[in-house]
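Worksheet: the structure to be examined is printed underneath.
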Amino acid sequence: MLVLSRYEGQTIQIGDHITITVVRVNGSKVRIGIETTDKLPILRGELLNHDSTATVVEFPTSQALQTAQLQVG
């Protein structure tokens, strides 16, 4: 696992099609934005079914931007 430190507004590029942006840091919560193509599903870890196949949840993406709020422990 690669662990990076980023400040608000900074990005991480993964390949040619995924950009992760730190949108906001508020205490122990980090709000991130994930930009990708409409064809790539974005899954939150808690939605995965670890006993069998993964449950895929696709979000409507008019701008191909997904924002997830993560709890930093």
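Residue names in the structure tokens use chain letters A, B, ... in the order shown, residue numbers from 1 in each chain, and ligand numbers from 1 in the order shown.
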
Would you mind listing what lies within 12 Å of Gln13 of chain A as a PDB file with C-alpha atoms, in the first residue's frame, with only C-alpha atoms counted and same-chain residues fewer than 5 positions away left out?
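The result, written out as result.pdb:
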ATOM      1  CA  LEU A   4       0.793   9.742   0.727  1.00  0.00           C
ATOM      2  CA  ILE A  18      -8.198   8.588 -12.315  1.00  0.00           C
ATOM      3  CA  THR A  19      -7.556  11.804 -10.367  1.00  0.00           C
ATOM      4  CA  ILE A  20      -8.098  11.994  -6.600  1.00  0.00           C
ATOM      5  CA  THR A  21      -8.403  15.459  -5.032  1.00  0.00           C
ATOM      6  CA  VAL A  22      -8.366  16.306  -1.324  1.00  0.00           C
ATOM      7  CA  GLY A  33     -13.179  13.886  -4.948  1.00  0.00           C
ATOM      8  CA  ILE A  34     -12.551  11.126  -7.490  1.00  0.00           C
ATOM      9  CA  GLU A  35     -12.609  11.990 -11.198  1.00  0.00           C
ATOM     10  CA  THR A  36     -12.746   9.145 -13.706  1.00  0.00           C
TER      11      THR A  36
END

Work out how far atom CA of Asn26 of chain A is from atom CA of Glu8 of chain A, in Å to one decimal. 10.1 Å

Gap from atom CA of Val25 of chain A to atom CA of Gln10 of chain A - Å, one decimal: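 Rounded to one decimal, the two atoms are 11.5 Å apart.
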
Between atom CA of His17 of chain A and atom CA of Gly45 of chain A, what distance in Å does the model show, to one decimal?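 Rounded to one decimal, the two atoms are 20.4 Å apart.
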
Residue nearest Thr37 of chain A - candidates A:Gly9, A:Asp16, A:Arg24, A:Val3, atoms counted: only C-alpha atoms: A:Asp16
